[in-house]
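Student: My file is upload35.txt. It has compact mmCIF, C-alpha atoms:
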# COMPACT_ATOMS: atom_id res chain seq x y z
CA MET A 1 23.54 -14.23 -12.85
CA VAL A 2 22.52 -12.20 -15.86
CA PHE A 3 19.06 -10.63 -16.15
CA THR A 4 17.73 -9.62 -19.53
CA LEU A 5 15.37 -6.67 -19.40
CA SER A 6 13.14 -5.17 -22.05
CA VAL A 7 13.63 -1.42 -21.74
CA ASN A 8 12.07 0.98 -24.22
CA GLY A 9 11.89 -1.87 -26.71
CA ASP A 10 15.54 -2.86 -26.35
CA ARG A 11 16.80 -6.07 -24.77
CA LEU A 12 19.43 -5.12 -22.21
CA ALA A 13 21.48 -7.37 -19.93
CA SER A 14 22.21 -6.66 -16.28
CA THR A 15 24.58 -8.44 -13.94
CA ALA A 16 23.29 -6.60 -10.87
CA ASP A 17 22.48 -8.31 -7.61
CA PRO A 18 18.88 -9.63 -7.83
CA VAL A 19 17.53 -7.28 -5.14
CA THR A 20 19.07 -4.18 -6.72
CA PRO A 21 16.36 -1.58 -7.35
CA LEU A 22 15.46 -1.22 -11.00
CA VAL A 23 16.17 2.53 -10.85
CA ASP A 24 19.81 1.84 -10.04
CA VAL A 25 20.17 -0.58 -12.93
CA LEU A 26 18.49 1.84 -15.33
CA ARG A 27 20.79 4.66 -14.34
CA GLU A 28 24.09 2.98 -13.58
CA GLU A 29 24.16 0.10 -16.07
CA PHE A 30 21.96 1.38 -18.87
CA HIS A 31 22.71 5.11 -18.46
CA LEU A 32 19.02 6.00 -18.60
CA THR A 33 19.09 8.83 -16.07
CA GLY A 34 15.55 10.16 -16.49
CA ALA A 35 14.31 8.20 -13.48
CA LYS A 36 15.71 9.79 -10.31
CA PRO A 37 16.39 7.87 -7.07
CA VAL A 38 15.20 10.50 -4.60
CA CYS A 39 13.19 9.15 -1.67
CA ARG A 40 13.71 5.41 -2.26
CA GLU A 41 10.40 4.84 -0.51
CA GLY A 42 7.98 4.91 -3.42
CA PHE A 43 6.46 8.17 -2.27
CA CYS A 44 8.03 10.94 -4.33
CA GLY A 45 7.53 9.51 -7.80
CA ALA A 46 10.80 10.82 -9.23
CA CYS A 47 11.80 7.29 -10.26
CA MET A 48 8.45 6.40 -11.85
CA VAL A 49 8.57 4.17 -14.93
CA LEU A 50 5.95 2.17 -16.76
CA VAL A 51 6.10 -1.55 -15.96
CA ASP A 52 3.89 -3.54 -18.29
CA GLY A 53 2.12 -0.30 -19.04
CA LYS A 54 1.44 0.77 -15.45
CA PRO A 55 3.27 3.41 -13.40
CA ALA A 56 5.59 1.88 -10.82
CA PRO A 57 8.22 3.40 -8.55
CA SER A 58 11.41 1.79 -9.84
CA CYS A 59 13.09 2.23 -6.45
CA LEU A 60 10.82 -0.50 -5.05
CA MET A 61 11.16 -3.02 -7.87
CA PRO A 62 14.05 -5.48 -7.67
CA VAL A 63 15.75 -6.08 -10.99
CA ALA A 64 15.10 -9.82 -10.69
CA LEU A 65 11.33 -9.26 -10.82
CA ALA A 66 11.56 -6.68 -13.60
CA ALA A 67 13.17 -9.19 -15.94
CA ASP A 68 9.86 -10.54 -17.22
CA CYS A 69 8.32 -7.12 -17.74
CA GLU A 70 8.17 -4.46 -20.42
CA ILE A 71 9.87 -1.39 -18.97
CA ARG A 72 9.36 2.05 -20.45
CA THR A 73 11.23 5.03 -19.08
CA VAL A 74 10.76 8.70 -19.85
CA GLU A 75 13.47 8.32 -22.48
CA GLY A 76 11.19 5.94 -24.35
CA LEU A 77 8.06 8.07 -24.36
CA ALA A 78 8.95 10.44 -27.17
CA GLY A 79 8.86 8.66 -30.49
CA GLY A 80 11.43 9.51 -33.16
CA GLY A 81 12.30 12.80 -31.54
CA THR A 82 8.67 13.91 -31.38
CA LEU A 83 7.22 14.72 -28.00
CA ASN A 84 4.16 12.76 -26.97
CA PRO A 85 0.91 14.70 -26.36
CA ILE A 86 1.46 15.15 -22.65
CA GLN A 87 5.03 16.29 -23.17
CA GLN A 88 3.82 18.79 -25.77
CA ALA A 89 1.12 20.06 -23.44
CA LEU A 90 3.55 20.45 -20.55
CA GLU A 91 5.78 22.53 -22.78
CA THR A 92 2.85 24.60 -24.03
CA CYS A 93 1.72 25.35 -20.48
CA ASP A 94 5.24 26.23 -19.25
CA ALA A 95 4.80 23.52 -16.66
CA VAL A 96 8.46 22.62 -16.38
CA GLN A 97 10.23 23.24 -13.08
CA CYS A 98 13.67 22.13 -11.96
CA GLY A 99 13.42 18.76 -13.68
CA MET A 100 14.00 16.45 -10.73
CA CYS A 101 10.39 15.31 -10.41
CA PHE A 102 9.44 15.92 -13.98
CA PRO A 103 10.30 12.63 -15.70
CA GLY A 104 8.11 10.86 -13.16
CA MET A 105 5.30 13.34 -13.74
CA VAL A 106 5.52 12.72 -17.48
CA VAL A 107 5.39 8.96 -16.97
CA THR A 108 2.34 9.13 -14.67
CA LEU A 109 0.47 11.58 -16.89
CA THR A 110 1.27 9.63 -20.05
CA HIS A 111 -0.34 6.59 -18.44
CA LEU A 112 -3.37 8.65 -17.43
CA LEU A 113 -3.67 10.06 -20.92
CA THR A 114 -3.52 6.66 -22.58
CA THR A 115 -5.89 4.88 -20.21
CA THR A 116 -8.47 7.47 -19.17
CA SER A 117 -10.96 9.64 -20.94
CA GLY A 118 -12.88 12.45 -19.33
CA ALA A 119 -10.57 12.82 -16.34
CA THR A 120 -11.36 15.82 -14.16
CA ARG A 121 -8.83 18.05 -12.43
CA ASP A 122 -9.48 16.05 -9.26
CA ASP A 123 -8.81 12.81 -11.14
CA ILE A 124 -5.53 14.26 -12.37
CA ARG A 125 -4.60 15.36 -8.85
CA ALA A 126 -5.41 11.88 -7.56
CA ALA A 127 -3.26 10.28 -10.25
CA LEU A 128 -0.37 12.56 -9.28
CA THR A 129 -0.61 11.72 -5.58
CA GLY A 130 2.60 9.74 -5.85
CA ASN A 131 4.54 12.46 -7.67
CA ILE A 132 5.87 15.17 -5.42
CA CYS A 133 7.00 18.51 -6.90
CA ARG A 134 9.04 20.67 -4.56
CA CYS A 135 8.78 23.69 -6.87
CA THR A 136 5.02 24.02 -6.23
CA GLY A 137 4.15 23.91 -9.91
CA TYR A 138 1.12 21.67 -9.76
CA GLU A 139 -1.44 24.03 -11.27
CA ARG A 140 0.37 24.35 -14.58
CA ILE A 141 1.02 20.62 -14.63
CA ILE A 142 -2.70 20.00 -14.17
CA ASP A 143 -3.49 22.63 -16.81
CA ALA A 144 -1.26 20.71 -19.20
CA ALA A 145 -2.91 17.40 -18.40
CA VAL A 146 -6.33 18.94 -19.02
CA LEU A 147 -5.10 20.33 -22.31
CA ALA A 148 -3.65 17.01 -23.41
CA LEU A 149 -6.77 15.10 -22.38
CA ALA A 150 -8.98 17.52 -24.27
CA ALA A 151 -6.90 17.08 -27.39
CA THR A 152 -7.19 13.30 -27.47
CA MET B 1 13.50 11.09 2.84
CA THR B 2 16.96 9.84 2.17
CA ALA B 3 19.20 10.72 -0.72
CA GLY B 4 20.29 7.69 -2.70
CA SER B 5 23.99 8.17 -2.06
CA GLN B 6 23.42 8.22 1.70
CA VAL B 7 21.65 4.89 1.90
CA GLN B 8 23.80 2.17 3.34
CA ASP B 9 23.06 -0.68 1.01
CA ASP B 10 24.58 -4.12 1.29
CA ARG B 11 22.20 -5.93 -1.03
CA THR B 12 23.16 -9.44 -1.91
CA GLY B 13 21.42 -12.74 -2.34
CA SER B 14 18.77 -14.38 -4.46
CA ILE B 15 15.12 -14.10 -5.44
CA TYR B 16 13.37 -17.32 -6.37
CA VAL B 17 10.15 -16.76 -8.31
CA ALA B 18 7.93 -19.56 -7.04
CA PRO B 19 5.59 -21.04 -9.69
CA SER B 20 3.27 -22.67 -7.15
CA LEU B 21 2.35 -22.53 -3.49
CA SER B 22 3.98 -25.88 -2.78
CA ALA B 23 7.19 -24.74 -4.46
CA ALA B 24 7.15 -21.56 -2.39
CA LEU B 25 6.62 -23.46 0.86
CA ASP B 26 9.38 -25.92 -0.02
CA ALA B 27 11.78 -23.09 -0.74
CA LEU B 28 10.90 -21.23 2.45
CA ALA B 29 11.38 -24.43 4.46
CA ASP B 30 14.73 -25.11 2.81
CA TYR B 31 15.99 -21.57 3.31
CA GLY B 32 14.91 -21.46 6.96
CA PRO B 33 15.91 -18.24 8.75
CA ALA B 34 17.92 -17.17 5.71
CA GLY B 35 14.79 -16.83 3.60
CA ALA B 36 11.59 -14.81 3.57
CA PRO B 37 8.58 -14.35 1.31
CA PHE B 38 8.66 -11.45 -1.15
CA ALA B 39 5.28 -10.15 -2.28
CA GLY B 40 4.95 -6.52 -3.39
CA GLY B 41 8.34 -5.68 -1.94
CA THR B 42 7.33 -2.20 -0.86
CA TRP B 43 8.52 -2.87 2.71
CA ILE B 44 11.45 -5.16 1.99
CA MET B 45 12.97 -2.86 -0.63
CA ARG B 46 13.11 -0.09 1.95
CA SER B 47 15.13 -2.20 4.40
CA PRO B 48 18.35 -0.24 3.73
CA ILE B 49 16.62 2.99 4.75
CA ARG B 50 15.68 1.38 8.08
CA HIS B 51 19.25 0.07 8.41
CA GLU B 52 17.92 -3.47 8.38
CA PRO B 53 19.90 -6.20 6.59
CA LEU B 54 18.23 -7.94 3.70
CA ARG B 55 17.74 -11.69 3.87
CA PRO B 56 20.12 -13.82 1.78
CA HIS B 57 17.17 -15.41 -0.03
CA TYR B 58 13.70 -14.29 -1.00
CA VAL B 59 10.83 -16.33 -2.40
CA ALA B 60 8.67 -14.24 -4.71
CA ILE B 61 5.02 -15.26 -4.40
CA GLY B 62 3.38 -12.81 -6.82
CA LYS B 63 3.11 -15.33 -9.66
CA ILE B 64 1.23 -17.97 -7.66
CA PRO B 65 -2.34 -18.00 -9.01
CA GLU B 66 -4.21 -18.87 -5.81
CA LEU B 67 -2.36 -16.19 -3.85
CA SER B 68 -3.36 -13.52 -6.36
CA ALA B 69 -7.07 -14.39 -6.46
CA ILE B 70 -10.11 -12.92 -4.74
CA ARG B 71 -13.09 -15.21 -4.33
CA ILE B 72 -16.36 -13.58 -3.43
CA GLY B 73 -18.60 -16.31 -2.06
CA LYS B 74 -22.05 -16.31 -0.54
CA ASP B 75 -20.86 -16.58 3.08
CA ALA B 76 -17.35 -15.17 2.91
CA ILE B 77 -14.76 -13.60 0.70
CA GLU B 78 -11.29 -15.10 0.41
CA ILE B 79 -8.39 -12.87 -0.43
CA GLY B 80 -5.06 -14.31 -1.56
CA ALA B 81 -2.13 -12.87 0.34
CA ALA B 82 -0.49 -11.54 -2.83
CA VAL B 83 -3.55 -9.54 -3.91
CA THR B 84 -2.54 -5.92 -4.32
CA HIS B 85 -4.31 -3.05 -2.63
CA ALA B 86 -5.42 -1.74 -6.02
CA ALA B 87 -6.88 -5.09 -7.05
CA LEU B 88 -8.66 -5.49 -3.72
CA ALA B 89 -10.21 -2.03 -3.87
CA ALA B 90 -11.43 -2.70 -7.40
CA ALA B 91 -12.87 -6.12 -6.53
CA LEU B 92 -14.83 -4.82 -3.53
CA ALA B 93 -16.29 -1.77 -5.21
CA GLY B 94 -20.06 -2.02 -5.10
CA LEU B 95 -20.19 -4.23 -2.00
CA PRO B 96 -21.30 -1.85 0.80
CA GLU B 97 -20.62 -4.38 3.57
CA PHE B 98 -16.93 -4.19 2.58
CA ALA B 99 -16.79 -0.42 2.08
CA VAL B 100 -14.36 -0.21 4.99
CA LEU B 101 -11.90 -2.57 3.33
CA ALA B 102 -12.31 -1.06 -0.13
CA ALA B 103 -11.60 2.36 1.34
CA ALA B 104 -8.61 1.08 3.29
CA ALA B 105 -7.09 -0.62 0.27
CA GLY B 106 -8.00 2.20 -2.10
CA SER B 107 -6.69 5.10 -0.03
CA SER B 108 -3.40 3.78 1.34
CA ALA B 109 -0.08 5.15 0.10
CA ASN B 110 -0.41 6.37 -3.50
CA PRO B 111 -1.67 4.82 -6.74
CA ALA B 112 1.64 3.33 -7.87
CA VAL B 113 2.41 1.84 -4.46
CA ARG B 114 -1.13 0.47 -4.21
CA ALA B 115 -0.50 -1.36 -7.48
CA LEU B 116 2.51 -3.12 -5.93
CA ALA B 117 1.75 -3.47 -2.22
CA THR B 118 -0.11 -6.62 -1.17
CA ILE B 119 -2.53 -7.28 1.64
CA GLY B 120 -0.40 -10.14 2.93
CA GLY B 121 2.60 -7.89 3.11
CA ASN B 122 0.53 -5.26 4.86
CA LEU B 123 -0.39 -7.74 7.59
CA SER B 124 3.06 -9.30 7.85
CA ALA B 125 5.34 -6.25 8.01
CA LEU B 126 6.17 -6.25 11.71
CA ASP B 127 7.40 -2.70 12.10
CA PHE B 128 4.89 -0.94 9.87
CA TYR B 129 2.47 0.69 12.28
CA ALA B 130 0.20 2.58 9.88
CA ALA B 131 -1.21 -0.28 7.80
CA ASP B 132 -4.71 0.65 6.64
CA CYS B 133 -5.98 -2.86 5.98
CA MET B 134 -5.30 -4.14 9.52
CA PRO B 135 -8.00 -2.19 11.38
CA ALA B 136 -10.37 -2.63 8.44
CA LEU B 137 -10.00 -6.40 8.62
CA LEU B 138 -10.22 -6.39 12.42
CA CYS B 139 -13.58 -4.67 12.31
CA LEU B 140 -14.74 -7.20 9.73
CA ASP B 141 -13.83 -10.14 12.02
CA ALA B 142 -11.36 -11.55 9.50
CA ALA B 143 -9.41 -14.78 9.84
CA VAL B 144 -6.14 -15.72 8.19
CA GLU B 145 -4.54 -18.94 7.02
CA ILE B 146 -0.90 -19.71 7.64
CA ALA B 147 0.72 -22.53 5.69
CA SER B 148 3.95 -24.40 5.98
CA ARG B 149 5.27 -27.34 3.96
CA ASP B 150 3.61 -29.76 6.35
CA ALA B 151 0.43 -28.10 7.54
CA SER B 152 -1.88 -25.13 7.43
CA GLU B 153 -3.60 -23.34 10.26
CA ARG B 154 -6.47 -20.89 10.44
CA MET B 155 -6.66 -18.25 13.16
CA SER B 156 -8.38 -14.97 13.83
CA LEU B 157 -6.59 -11.87 12.62
CA ALA B 158 -6.36 -10.69 16.22
CA ASP B 159 -4.51 -13.89 17.14
CA PHE B 160 -2.28 -13.55 14.11
CA LEU B 161 -1.29 -10.04 15.12
CA LYS B 162 -0.36 -11.29 18.58
CA ARG B 163 1.61 -14.28 17.31
CA ARG B 164 3.12 -13.09 14.04
CA SER B 165 6.49 -12.16 15.50
CA THR B 166 6.91 -15.65 16.92
CA PHE B 167 6.25 -17.76 13.82
CA GLN B 168 9.02 -20.13 12.84
CA PRO B 169 10.69 -19.67 9.43
CA GLY B 170 9.04 -21.49 6.57
CA ARG B 171 5.54 -20.24 7.28
CA LEU B 172 3.56 -18.16 4.84
CA LEU B 173 0.36 -16.15 5.19
CA THR B 174 -1.64 -17.50 2.29
CA ARG B 175 -5.11 -16.00 2.48
CA ILE B 176 -7.50 -13.83 4.43
CA ILE B 177 -11.09 -14.92 5.00
CA VAL B 178 -13.75 -12.33 5.74
CA PRO B 179 -17.29 -13.41 6.66
CA ARG B 180 -20.21 -11.82 4.85
CA THR B 181 -23.03 -10.29 6.84
CA GLU B 182 -25.42 -7.39 6.66
CA ARG B 183 -23.65 -4.39 8.15
CA LYS B 184 -22.70 -0.83 7.52
CA THR B 185 -18.99 -0.10 7.43
CA ALA B 186 -16.66 2.87 7.12
CA HIS B 187 -12.94 3.65 7.21
CA ALA B 188 -11.81 7.07 8.47
CA ARG B 189 -8.13 7.98 8.27
CA LEU B 190 -6.20 11.17 8.87
CA PRO B 191 -3.05 11.68 6.82
CA LEU B 192 -1.12 14.93 7.10
CA ARG B 193 -1.78 15.68 3.46
CA LYS B 194 -5.03 14.78 1.76
CA SER B 195 -3.43 11.62 0.47
CA GLY B 196 -0.05 10.04 -0.13
CA ASP B 197 0.99 10.12 3.54
CA TYR B 198 0.87 7.57 6.30
CA PRO B 199 -2.24 8.15 8.40
CA VAL B 200 -1.87 9.74 11.83
CA ALA B 201 -4.78 7.63 13.05
CA ILE B 202 -7.31 5.23 11.57
CA VAL B 203 -10.82 4.30 12.70
CA SER B 204 -12.49 1.32 11.05
CA LEU B 205 -16.13 0.71 11.89
CA SER B 206 -18.57 -2.11 11.25
CA VAL B 207 -22.05 -1.75 12.67
CA ASN B 208 -25.49 -3.29 12.52
CA VAL B 209 -28.37 -0.95 13.28
CA ASP B 210 -32.10 -1.51 13.43
CA THR B 211 -34.65 0.60 11.58
CA ALA B 212 -34.45 3.26 14.29
CA SER B 213 -30.62 3.35 14.02
CA HIS B 214 -30.14 1.58 17.36
CA VAL B 215 -26.82 -0.27 17.42
CA GLN B 216 -27.36 -4.04 17.44
CA ALA B 217 -23.73 -5.04 16.96
CA VAL B 218 -20.58 -3.04 16.46
CA ARG B 219 -16.85 -3.55 15.95
CA ILE B 220 -14.47 -0.59 16.05
CA ALA B 221 -10.76 -0.98 15.35
CA ILE B 222 -8.10 1.67 15.79
CA GLY B 223 -4.93 1.71 13.72
CA SER B 224 -1.75 3.76 13.53
CA VAL B 225 -2.22 5.23 17.02
CA GLU B 226 -0.37 2.46 18.83
CA GLN B 227 2.16 0.01 17.43
CA THR B 228 -0.45 -2.68 16.85
CA PRO B 229 -4.03 -2.02 15.80
CA ARG B 230 -6.71 -3.17 18.20
CA ARG B 231 -10.42 -3.05 18.80
CA TRP B 232 -11.86 -0.37 21.04
CA GLY B 233 -13.90 -2.62 23.31
CA ARG B 234 -15.12 0.00 25.77
CA LEU B 235 -16.44 2.22 23.02
CA GLU B 236 -18.16 -0.74 21.39
CA ALA B 237 -19.82 -1.61 24.70
CA ALA B 238 -20.93 1.97 25.24
CA LEU B 239 -22.59 2.11 21.82
CA LEU B 240 -24.57 -1.12 22.05
CA GLY B 241 -28.29 -0.35 22.12
CA ALA B 242 -27.76 3.37 21.65
CA VAL B 243 -28.74 5.39 18.62
CA LEU B 244 -25.82 5.70 16.23
CA ASP B 245 -25.59 9.47 16.37
CA PRO B 246 -22.19 10.64 15.07
CA ALA B 247 -21.92 13.63 17.44
CA ARG B 248 -22.86 11.52 20.48
CA VAL B 249 -20.47 8.79 19.41
CA ALA B 250 -17.65 11.36 19.21
CA ASP B 251 -18.49 12.60 22.73
CA ILE B 252 -18.26 9.07 24.12
CA ALA B 253 -15.02 8.49 22.23
CA ALA B 254 -13.56 11.65 23.76
CA GLU B 255 -14.41 10.37 27.24
CA LEU B 256 -12.69 7.04 26.57
CA ALA B 257 -9.75 8.07 24.39
CA ALA B 258 -7.31 8.28 27.30
CA GLU B 259 -7.05 4.49 27.27
CA PHE B 260 -4.84 4.79 24.18
CA THR B 261 -1.15 5.54 24.48
CA GLY B 262 -0.14 7.13 21.21
CA ARG B 263 3.16 6.31 19.59
CA ASP B 264 5.61 9.10 19.02
CA SER B 265 7.08 9.68 15.58
CA VAL B 266 8.75 12.32 13.46
CA GLU B 267 5.41 13.13 11.81
CA VAL B 268 3.32 13.89 14.87
CA PRO B 269 3.61 13.67 18.67
CA ALA B 270 1.94 10.82 20.52
CA TRP B 271 -0.82 12.95 22.08
CA TYR B 272 -1.97 14.19 18.70
CA ARG B 273 -2.75 10.69 17.43
CA VAL B 274 -5.06 10.15 20.41
CA SER B 275 -6.63 13.60 20.22
CA VAL B 276 -7.97 13.10 16.70
CA LEU B 277 -9.76 9.85 17.51
CA PRO B 278 -13.15 11.37 18.47
CA SER B 279 -13.32 13.29 15.20
CA LEU B 280 -12.43 10.20 13.21
CA VAL B 281 -15.01 8.13 15.07
CA ARG B 282 -17.64 10.76 14.30
CA ARG B 283 -16.63 10.75 10.65
CA ALA B 284 -16.72 6.96 10.48
CA ALA B 285 -20.18 6.83 12.07
CA ALA B 286 -21.56 9.41 9.65
CA THR B 287 -20.07 7.61 6.67
CA ALA B 288 -21.39 4.25 7.83
CA LEU B 289 -24.89 5.64 8.22
CA ALA B 290 -24.69 7.03 4.70
CA ASN B 291 -23.44 3.74 3.20
For this file, write the structure as structure tokens.
Tutor:
Amino acid sequence: MVFTLSVNGDRLASTADPVTPLVDVLREEFHLTGAKPVCREGFCGACMVLVDGKPAPSCLMPVALAADCEIRTVEGLAGGGTLNPIQQALETCDAVQCGMCFPGMVVTLTHLLTTTSGATRDDIRAALTGNICRCTGYERIIDAAVLALAAT
Amino acid sequence: MTAGSQVQDDRTGSIYVAPSLSAALDALADYGPAGAPFAGGTWIMRSPIRHEPLRPHYVAIGKIPELSAIRIGKDAIEIGAAVTHAALAAALAGLPEFAVLAAAAGSSANPAVRALATIGGNLSALDFYAADCMPALLCLDAAVEIASRDASERMSLADFLKRRSTFQPGRLLTRIIVPRTERKTAHARLPLRKSGDYPVAIVSLSVNVDTASHVQAVRIAIGSVEQTPRRWGRLEAALLGAVLDPARVADIAAELAAEFTGRDSVEVPAWYRVSVLPSLVRRAAATALAN
């Protein structure tokens, strides 16, 4: 069976088994390696993508149920080579660590930025509950989110 | 946590996206033991980590309108089994009598998982011992409906929890019914981190008090401590007629806590789950009084 997925605006075909996690299809068939399969439990956030505009751990979504959805990965967040506001703020605040968790952080914070106004630092922390950084860099990440929110 | 390359994964099979409840029940009946419902998938998709084989066939129920609806009526609320935790928390915001359930649904797991995980899946996952909604619904005296192609049956949640491992294939939890009544409620949970972890222990409380804060009726349910959540009958009996004083309630809970046998796990030892119960009961009582 062939599944057709909408990923970052492109229509892509997958022949994966229906229960295959979306993250594996993104990485292995479509070569979009921003989403990382780390915990495979939906708790670390390294595989976070936007599904119909909402953050979702792609390790828990079977490809068969992703076929009707609009998928956006970290690769699709920067438009025409220009970083989006949260990406720019993360760079400004030197909030980048090893990179394993970071695509998921960018996805979650981009959603927060585009759906929320007036978020506090606690709101940002709550939104990032499902994104675990093992480099202990949360403060700068939150600084960047505050900066990006203030600029929009 | 398990690295992707280390997960033994023998995924194979099909997912049928059911357009209606009758279609879902037909498919589940036809598949028999080879099939199972698929709601949020947050438990099923982790089967390889638990070294459990996936079923050959799944029936996705997330697109069935009546299973994704919440009806707030005058005497009861009805919650479709495929309602997500996030949707449930949002729907119950502003209804103090359901504060316990709103808190349970709104504090479990993390935001992205709450947007996928369903209440029906929470109640049906046999080996998930830390489900937040179970004790919350127990303290609210909830009932559930189970449907098959030929019939449907309503039973108390307590009965469902006793019988759920014995149901024949082809049955589907379709909705949860929670009676409405004047009461104060609260949900106290202790995760290892502030959030994003499974709770060590859960106390869900529903209580009616008179104007002098004397307890007229009370239901207390404990989750995550043992393998199946259950009501704390002796504590309920001890509180009837007494003033709902959080410190006193915690003292009584400490005297009675030995009746629980905690479950051991990699996160915490068994004794610790039991030892935190008095504090959680105190916290729940204080929150309920404030609600």
Student: Considering all atoms listed in the file, give me a table of residues in chain A that are at most 6 Å from chain B, with the closest atom pair and distance in Å for each, as a tab-separated table.
Tutor:
residue	atom	partner	partner_atom	distance
A:Asp17	CA	B:Thr12	CA	5.9
A:Pro18	CA	B:Ser14	CA	5.8
A:Pro37	CA	B:Gly4	CA	5.9
A:Val38	CA	B:Ala3	CA	5.6
A:Cys39	CA	B:Met1	CA	4.9
A:Pro55	CA	B:Ala112	CA	5.8
A:Ala56	CA	B:Ala112	CA	5.1
A:Leu60	CA	B:Met45	CA	5.5
A:Thr129	CA	B:Gly196	CA	5.7
A:Gly130	CA	B:Asn110	CA	5.1
Student: Using only C-alpha atoms, determine which residues lie at most 12 Å from B:Val276, disregarding the query and same-chain residues fewer than 4 positions distant; provide the list as a PyMOL selection string.
Tutor: chain B and resi 188-192+199-203+222+224-225+250+253-254+257-258+260+262+268-272+280-283
Student: One decimal, Å: what's the distance from atom CA of B:Gly32 over to atom CA of B:Ser148, could you say?
Tutor: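 Going from atom CA of B:Gly32 over to atom CA of B:Ser148 covers 11.4 Å.
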Student: Taking all atoms listed in the file into account, name the residue in B:Ile177, B:Val215, B:Gly223, B:Gly170 that is nearest to B:Cys133.
Tutor: B:Gly223
Student: Near stretch 68-84 of chain A, within 12 Å and counting all atoms listed in the file, which residues show up once chain neighbours fewer than 6 positions away are dropped, as number ranges by chain?
Tutor: A: 3-12, 22-23, 25-27, 30-36, 46-58, 61-62, 90-92, 101-111, 113-114, 148, 151-152; B: 17, 63
Student: One decimal, in Å: what's the spacing between atom CA of A:Ala16 and atom CA of B:Asp30?
Tutor: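 Atom-to-atom, atom CA of A:Ala16 to atom CA of B:Asp30, that is 24.6 Å.
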Student: Please provide the set of residues having any atom within 10 Å of A:Asp123, restricted to all atoms listed in the file, with same-chain residues fewer than 6 positions apart removed, written as a CSV table (one decimal) with C-alpha atoms, in the coordinates of the input.
Tutor:
chain,number,residue,atom,x,y,z
A,112,LEU,CA,-3.4,8.6,-17.4
A,116,THR,CA,-8.5,7.5,-19.2
A,129,THR,CA,-0.6,11.7,-5.6
A,142,ILE,CA,-2.7,20.0,-14.2
Student: Counting all atoms listed in the file, figure out which residue out of A:Pro85, A:Asn131, A:Ile141, A:Ser14 gets nearest to A:Glu41.
Tutor: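 Between A:Pro85, A:Asn131, A:Ile141, A:Ser14, the residue approaching A:Glu41 most closely is A:Asn131.
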Student: Write out as a PyMOL selection string which residues come within 10 Å of B:Ala147 when counting only C-alpha atoms, dropping same-chain ones fewer than 6 positions away.
Tutor: chain B and resi 21-22+25+153-154+170-175
Student: Measure the distance from atom CA of B:Leu157 to atom CA of B:Glu52 in Å and round it to one decimal.
Tutor: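 That distance, rounded to one decimal, is 26.3 Å.
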Student: Nearest to B:Phe38: which of B:Leu92, B:Ala125, B:Ile77, B:Val274 is it, counting only C-alpha atoms?
Tutor: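 Ranking B:Leu92, B:Ala125, B:Ile77, B:Val274 by distance to B:Phe38, first place goes to B:Ala125.
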